[in-house]
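Dropping start_14.cif in here (mmCIF, C-alpha atoms):
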data_target
#
loop_
_atom_site.label_atom_id
_atom_site.label_comp_id
_atom_site.auth_asym_id
_atom_site.auth_seq_id
_atom_site.Cartn_x
_atom_site.Cartn_y
_atom_site.Cartn_z
CA ARG F 20 -22.24 5.78 -14.47
CA ALA F 21 -25.51 5.95 -12.57
CA GLY F 22 -24.36 3.16 -10.27
CA GLY F 23 -21.38 5.22 -9.21
CA GLU F 24 -23.51 8.30 -8.52
CA ARG F 25 -25.72 6.59 -5.91
CA PRO F 26 -23.07 6.40 -3.17
CA ARG F 27 -21.99 9.98 -3.90
CA VAL F 28 -25.54 11.24 -3.53
CA ALA F 29 -26.12 9.24 -0.34
CA ILE F 30 -22.86 10.45 1.21
CA ALA F 31 -23.53 14.06 0.16
CA ARG F 32 -26.94 13.93 1.85
CA ALA F 33 -25.40 12.56 5.02
CA VAL F 34 -22.70 15.27 5.04
CA ALA F 35 -25.35 17.96 4.59
CA THR F 36 -26.75 17.12 8.03
CA GLU F 37 -23.37 18.17 9.56
CA PRO F 38 -22.74 14.88 11.41
CA LYS F 39 -20.11 14.50 14.11
CA LEU F 40 -19.22 11.06 12.71
CA LEU F 41 -19.70 9.61 9.23
CA LEU F 42 -20.36 5.85 9.04
CA LEU F 43 -19.71 4.35 5.61
CA ASP F 44 -20.68 0.68 5.57
CA GLY F 45 -19.35 -0.83 2.34
CA PRO F 46 -20.41 2.11 0.13
CA MET F 47 -18.77 0.60 -2.97
CA ALA F 48 -19.51 -3.09 -2.40
CA SER F 49 -21.93 -3.29 -5.33
CA LEU F 50 -19.77 -1.34 -7.81
CA ASP F 51 -17.41 -2.69 -10.44
CA LEU F 52 -13.69 -1.86 -10.48
CA ALA F 53 -14.03 1.07 -12.90
CA ARG F 54 -16.68 2.76 -10.75
CA ARG F 55 -14.62 2.18 -7.59
CA GLN F 56 -11.54 3.78 -9.16
CA ASP F 57 -13.70 6.76 -10.10
CA ILE F 58 -15.09 7.25 -6.57
CA LEU F 59 -11.96 6.55 -4.49
CA PRO F 60 -10.26 9.93 -5.27
CA TRP F 61 -13.51 11.68 -4.34
CA LEU F 62 -13.60 9.85 -1.00
CA GLU F 63 -9.96 10.80 -0.38
CA ARG F 64 -10.78 14.48 -0.90
CA LEU F 65 -13.82 14.10 1.34
CA ARG F 66 -11.64 12.63 4.09
CA ASP F 67 -8.99 15.35 3.80
CA GLU F 68 -11.18 18.40 3.33
CA LEU F 69 -14.18 17.88 5.62
CA GLN F 70 -12.24 16.87 8.73
CA ILE F 71 -15.18 14.72 9.85
CA PRO F 72 -14.20 11.44 11.56
CA MET F 73 -15.08 8.58 9.18
CA LEU F 74 -15.75 4.97 10.17
CA TYR F 75 -15.33 3.01 6.95
CA VAL F 76 -16.35 -0.65 6.80
CA THR F 77 -14.87 -2.70 3.95
CA HIS F 78 -13.51 -6.08 2.87
CA SER F 79 -11.36 -4.44 0.18
CA SER F 80 -7.63 -4.18 0.91
CA ASP F 81 -7.31 -1.57 -1.84
CA GLU F 82 -9.93 0.69 -0.24
CA LEU F 83 -8.47 0.46 3.26
CA ALA F 84 -4.94 1.05 1.93
CA ARG F 85 -6.05 4.25 0.22
CA LEU F 86 -8.47 5.63 2.78
CA ALA F 87 -7.66 4.41 6.29
CA ASN F 88 -5.38 6.03 8.84
CA HIS F 89 -6.24 3.71 11.73
CA LEU F 90 -7.30 0.12 11.08
CA VAL F 91 -9.37 -2.19 13.27
CA VAL F 92 -9.70 -5.79 12.07
CA LEU F 93 -12.76 -7.74 13.17
CA GLU F 94 -13.24 -11.49 12.91
CA ARG F 95 -16.50 -12.99 14.14
CA GLY F 96 -17.16 -9.90 16.20
CA ARG F 97 -13.76 -9.84 17.90
CA VAL F 98 -10.89 -7.41 17.36
CA THR F 99 -7.89 -9.36 16.04
CA ALA F 100 -5.66 -6.39 15.18
CA ALA F 101 -5.72 -2.62 15.59
CA GLY F 102 -3.38 0.31 15.08
CA PRO F 103 -2.01 2.68 12.44
CA VAL F 104 -2.83 1.22 9.02
CA GLN F 105 0.84 1.06 8.00
CA ASP F 106 1.75 -0.98 11.06
CA VAL F 107 -1.16 -3.41 10.79
CA LEU F 108 -0.65 -4.08 7.07
CA ALA F 109 3.09 -4.67 7.54
CA ALA F 110 2.64 -7.34 10.25
CA ILE F 111 3.63 -10.81 9.01
CA ASP F 112 3.25 -12.92 12.16
CA SER F 113 -0.54 -12.61 11.85
CA PRO F 114 -1.12 -10.92 8.49
CA VAL F 115 -4.36 -9.07 7.86
CA VAL F 116 -4.02 -9.23 4.07
CA VAL F 117 -2.70 -12.43 2.52
CA GLY F 118 -2.10 -13.75 -0.98
CA GLU F 119 -1.68 -11.44 -3.95
CA ASP F 120 -2.78 -8.32 -2.03
CA ALA F 121 -0.20 -8.58 0.78
CA GLY F 122 2.00 -5.49 0.92
CA ALA F 123 3.14 -2.43 2.83
CA LEU F 124 2.24 1.26 2.79
CA LEU F 125 4.72 4.11 2.45
CA GLN F 126 4.07 7.81 2.96
CA GLY F 127 6.06 9.84 0.45
CA MET F 128 6.38 13.09 -1.48
CA VAL F 129 6.82 13.72 -5.19
CA ILE F 130 10.24 15.37 -5.59
CA GLU F 131 10.98 15.10 -9.30
CA ARG F 132 9.31 14.54 -12.67
CA ASP F 133 11.11 13.04 -15.66
CA ALA F 134 9.12 14.25 -18.67
CA GLN F 135 11.21 12.26 -21.16
CA TRP F 136 10.35 8.90 -19.62
CA HIS F 137 6.95 9.86 -18.10
CA LEU F 138 8.09 9.01 -14.57
CA THR F 139 7.93 10.65 -11.15
CA HIS F 140 10.41 10.29 -8.30
CA VAL F 141 8.82 9.83 -4.88
CA HIS F 142 10.87 10.20 -1.70
CA PHE F 143 9.96 8.44 1.55
CA ASP F 144 11.76 7.96 4.86
CA GLY F 145 14.32 5.35 3.93
CA GLY F 146 14.67 5.86 0.18
CA ALA F 147 12.97 6.87 -3.06
CA LEU F 148 11.07 5.14 -5.85
CA TRP F 149 10.61 5.85 -9.55
CA LEU F 150 6.95 5.44 -10.53
CA ARG F 151 4.92 6.08 -13.66
CA ASP F 152 3.78 9.68 -13.90
CA SER F 153 0.12 9.95 -12.91
CA GLY F 154 0.05 13.75 -12.92
CA VAL F 155 0.60 14.32 -9.20
CA ALA F 156 2.09 17.77 -8.56
CA LEU F 157 5.64 18.27 -7.32
CA GLY F 158 5.76 18.59 -3.54
CA GLN F 159 2.49 16.73 -3.04
CA SER F 160 2.24 14.07 -0.36
CA VAL F 161 1.28 10.63 -1.64
CA ARG F 162 0.58 7.21 -0.19
CA LEU F 163 2.30 4.28 -1.89
CA ARG F 164 1.20 0.67 -1.66
CA VAL F 165 4.05 -1.73 -2.44
CA LEU F 166 2.89 -5.30 -2.93
CA ALA F 167 5.07 -8.09 -1.55
CA ARG F 168 4.93 -9.89 -4.90
CA ASP F 169 6.67 -6.92 -6.54
CA VAL F 170 9.67 -6.96 -4.19
CA SER F 171 12.65 -9.27 -4.79
CA ILE F 172 15.88 -9.71 -2.84
CA THR F 173 19.54 -9.63 -3.85
CA LEU F 174 22.67 -9.74 -1.70
CA GLU F 175 24.56 -7.11 -3.70
CA GLU F 176 23.54 -3.78 -5.15
CA PRO F 177 21.79 -4.60 -8.43
CA ARG F 178 23.46 -3.57 -11.70
CA GLN F 179 22.33 -3.89 -15.29
CA THR F 180 18.75 -4.78 -14.41
CA SER F 181 15.44 -3.56 -15.78
CA ILE F 182 14.17 -2.99 -12.23
CA GLN F 183 14.84 0.69 -11.50
CA ASN F 184 14.24 0.81 -7.75
CA HIS F 185 16.95 -0.57 -5.43
CA LEU F 186 16.79 -0.07 -1.68
CA PRO F 187 19.29 -1.15 1.00
CA CYS F 188 17.34 -2.91 3.75
CA THR F 189 17.71 -5.25 6.70
CA ILE F 190 15.64 -8.40 7.11
CA GLU F 191 13.66 -7.89 10.30
CA SER F 192 11.66 -11.11 10.38
CA ILE F 193 10.55 -14.06 8.24
CA ALA F 194 7.19 -15.86 8.32
CA PRO F 195 5.36 -18.53 6.28
CA ALA F 196 3.21 -17.35 3.40
CA VAL F 197 -0.05 -18.87 2.22
CA HIS F 198 1.57 -21.49 -0.01
CA ALA F 199 4.05 -23.93 1.52
CA SER F 200 6.68 -23.01 -1.07
CA GLN F 201 6.75 -19.33 -0.09
CA LEU F 202 7.80 -16.99 2.70
CA LEU F 203 7.08 -13.40 3.67
CA LEU F 204 10.03 -11.19 4.60
CA ARG F 205 9.59 -8.02 6.63
CA LEU F 206 12.29 -5.57 5.57
CA ARG F 207 13.38 -2.42 7.38
CA CYS F 208 14.53 0.29 4.99
CA GLY F 209 15.59 3.09 7.31
CA PRO F 210 12.50 3.81 9.43
CA SER F 211 10.14 2.38 6.78
CA ILE F 212 8.90 -1.18 6.28
CA LEU F 213 8.53 -3.24 3.10
CA LEU F 214 7.30 -6.79 2.60
CA ALA F 215 8.79 -9.25 0.12
CA ARG F 216 7.39 -12.61 -0.93
CA ILE F 217 10.01 -15.15 -1.95
CA THR F 218 10.31 -18.94 -2.20
CA ARG F 219 11.77 -21.07 0.56
CA ARG F 220 14.27 -22.27 -2.01
CA ALA F 221 15.46 -18.68 -2.56
CA GLN F 222 15.86 -18.19 1.19
CA ASP F 223 17.99 -21.33 1.42
CA THR F 224 20.07 -20.50 -1.67
CA LEU F 225 20.80 -16.92 -0.55
CA GLY F 226 21.18 -17.76 3.13
CA LEU F 227 18.63 -15.21 4.28
CA TYR F 228 17.95 -14.73 8.00
CA PRO F 229 16.71 -11.97 10.34
CA GLY F 230 19.38 -9.31 10.75
CA ARG F 231 21.00 -9.86 7.34
CA GLU F 232 21.55 -6.78 5.18
CA VAL F 233 20.16 -7.11 1.65
CA TRP F 234 18.97 -5.07 -1.31
CA ALA F 235 15.28 -4.90 -2.14
CA GLN F 236 14.32 -4.52 -5.78
CA VAL F 237 10.89 -2.94 -6.29
CA LYS F 238 9.14 -3.23 -9.63
#
Exercise: express the given structure as structure tokens:
Amino acid sequence: RAGGERPRVAIARAVATEPKLLLLDGPMASLDLARRQDILPWLERLRDELQIPMLYVTHSSDELARLANHLVVLERGRVTAAGPVQDVLAAIDSPVVVGEDAGALLQGMVIERDAQWHLTHVHFDGGALWLRDSGVALGQSVRLRVLARDVSITLEEPRQTSIQNHLPCTIESIAPAVHASQLLLRLRCGPSILLARITRRAQDTLGLYPGREVWAQVK
């Protein structure tokens, strides 16, 4: 617990000086996952309530997905990508995040709670998703991170499947993934973007190409 309190105390001291800009250089780099999950909601409230510009330096895709609004990617001192965090993370021609953490961000709102099944229904521009109920209030704005590994493709509207979230989308572009057997698909679902990671074999079998209308299944 004490390890998680150190960054809070340091940040609180910095805020007390009423800075015009808050620089946070890897504040959670030395913490384990449990401590990070404890501090992230506190940093989100800090960002939203203080209205102080924050420059947050991190190597963690989870931290930037939760905290950043504008993302600047540096490699060997040079800017390789910059823009709204949703746009930068959804780029597949030169992806910022690769491997298991590749995914897209959606901005949504909680519109329904199903108490029987402990689920919440979150609406975003382009569709809606059923998610496990984490206690977020109805009407609250939320940020969703949908990993490419959790999105699969079908040519017809899914029926009799355990996957509850089905979204009509159009394939916008296709790019190689890290492993030679796999591809990344950039999907446009209304005005929103999702990423899907599939095998090259699946692309060939289904005849997938940019411009084709498909259904995305989101776990």
Run the PyMOL selection byres ((chain F and resi 123) around 9) against the file shown and list the residues it catches, as a PyMOL selection string. chain F and resi 84+105-106+108-110+121-122+124-125+163-167+212-214
Evaluating the PyMOL selection byres ((chain F and resi 130) around 12) on the displayed file yields which residues, as a list of chain:residue names? F:Gly127, F:Met128, F:Val129, F:Glu131, F:Arg132, F:Asp133, F:Leu138, F:Thr139, F:His140, F:Val141, F:His142, F:Phe143, F:Gly146, F:Ala147, F:Leu148, F:Trp149, F:Leu150, F:Asp152, F:Val155, F:Ala156, F:Leu157, F:Gly158, F:Gln159, F:Ser160, F:Val161
Taking the file as I've supplied it (selection: the PyMOL selection byres ((chain F and resi 173-187) around 9)), which residues are included? Please answer as a list in words. Gly145, Gly146, Ala147, Leu148, Trp149, Ser171, Ile172, Cys188, Thr189, Arg207, Cys208, Gly209, Leu225, Glu232, Val233, Trp234, Ala235, Gln236, Val237 and Lys238 of chain F
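Near Ile71 (chain F), within a cut-off of 8 Å and counting all atoms listed in the file, sit the residues Pro38, Lys39, Leu40, Leu41 and Arg66 of chain F, with same-chain residues fewer than 4 positions away left out.
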Would you compute the distance between CA of Val104 (chain F) and CA of Pro195 (chain F)? Give it in Å to one decimal.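 Separation between CA of Val104 (chain F) and CA of Pro195 (chain F): 21.6 Å.
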What would the file be for region 175-220 of chain F if you keep C-alpha atoms and write it as a PDB file, in the first residue's frame?
ATOM      1  CA  GLU F 175     -23.863 -12.616 -41.756  1.00  0.00           C
ATOM      2  CA  GLU F 176     -25.550 -11.354 -38.624  1.00  0.00           C
ATOM      3  CA  PRO F 177     -24.571 -13.814 -35.885  1.00  0.00           C
ATOM      4  CA  ARG F 178     -27.267 -16.045 -34.382  1.00  0.00           C
ATOM      5  CA  GLN F 179     -27.128 -18.603 -31.596  1.00  0.00           C
ATOM      6  CA  THR F 180     -23.702 -17.528 -30.371  1.00  0.00           C
ATOM      7  CA  SER F 181     -22.357 -16.897 -26.889  1.00  0.00           C
ATOM      8  CA  ILE F 182     -20.893 -13.576 -28.045  1.00  0.00           C
ATOM      9  CA  GLN F 183     -23.497 -10.948 -27.153  1.00  0.00           C
ATOM     10  CA  ASN F 184     -22.187  -7.938 -29.067  1.00  0.00           C
ATOM     11  CA  HIS F 185     -22.756  -7.807 -32.842  1.00  0.00           C
ATOM     12  CA  LEU F 186     -22.014  -4.674 -34.853  1.00  0.00           C
ATOM     13  CA  PRO F 187     -22.514  -4.042 -38.584  1.00  0.00           C
ATOM     14  CA  CYS F 188     -19.279  -2.562 -39.938  1.00  0.00           C
ATOM     15  CA  THR F 189     -17.356  -1.922 -43.138  1.00  0.00           C
ATOM     16  CA  ILE F 190     -13.755  -2.997 -43.626  1.00  0.00           C
ATOM     17  CA  GLU F 191     -11.814   0.209 -44.152  1.00  0.00           C
ATOM     18  CA  SER F 192      -8.292  -1.174 -44.513  1.00  0.00           C
ATOM     19  CA  ILE F 193      -6.170  -4.272 -43.906  1.00  0.00           C
ATOM     20  CA  ALA F 194      -2.537  -4.421 -42.746  1.00  0.00           C
ATOM     21  CA  PRO F 195      -0.032  -7.076 -41.629  1.00  0.00           C
ATOM     22  CA  ALA F 196       0.096  -7.906 -37.936  1.00  0.00           C
ATOM     23  CA  VAL F 197       3.173  -8.829 -35.920  1.00  0.00           C
ATOM     24  CA  HIS F 198       3.050 -12.537 -36.781  1.00  0.00           C
ATOM     25  CA  ALA F 199       3.121 -13.573 -40.440  1.00  0.00           C
ATOM     26  CA  SER F 200      -0.049 -15.635 -39.999  1.00  0.00           C
ATOM     27  CA  GLN F 201      -2.158 -12.665 -38.890  1.00  0.00           C
ATOM     28  CA  LEU F 202      -3.688  -9.437 -40.161  1.00  0.00           C
ATOM     29  CA  LEU F 203      -5.162  -6.315 -38.599  1.00  0.00           C
ATOM     30  CA  LEU F 204      -8.494  -5.059 -39.934  1.00  0.00           C
ATOM     31  CA  ARG F 205      -9.637  -1.486 -39.408  1.00  0.00           C
ATOM     32  CA  LEU F 206     -13.430  -1.488 -39.240  1.00  0.00           C
ATOM     33  CA  ARG F 207     -15.746   1.499 -39.533  1.00  0.00           C
ATOM     34  CA  CYS F 208     -18.892   1.085 -37.453  1.00  0.00           C
ATOM     35  CA  GLY F 209     -20.841   4.240 -38.205  1.00  0.00           C
ATOM     36  CA  PRO F 210     -18.480   7.086 -37.278  1.00  0.00           C
ATOM     37  CA  SER F 211     -16.503   4.885 -34.858  1.00  0.00           C
ATOM     38  CA  ILE F 212     -13.487   2.657 -35.493  1.00  0.00           C
ATOM     39  CA  LEU F 213     -12.726  -0.866 -34.265  1.00  0.00           C
ATOM     40  CA  LEU F 214      -9.722  -3.091 -34.894  1.00  0.00           C
ATOM     41  CA  ALA F 215      -9.903  -6.847 -35.446  1.00  0.00           C
ATOM     42  CA  ARG F 216      -7.035  -9.314 -35.536  1.00  0.00           C
ATOM     43  CA  ILE F 217      -7.642 -12.342 -37.727  1.00  0.00           C
ATOM     44  CA  THR F 218      -5.559 -14.942 -39.582  1.00  0.00           C
ATOM     45  CA  ARG F 219      -4.618 -14.610 -43.227  1.00  0.00           C
ATOM     46  CA  ARG F 220      -6.365 -17.928 -43.736  1.00  0.00           C
TER      47      ARG F 220
END
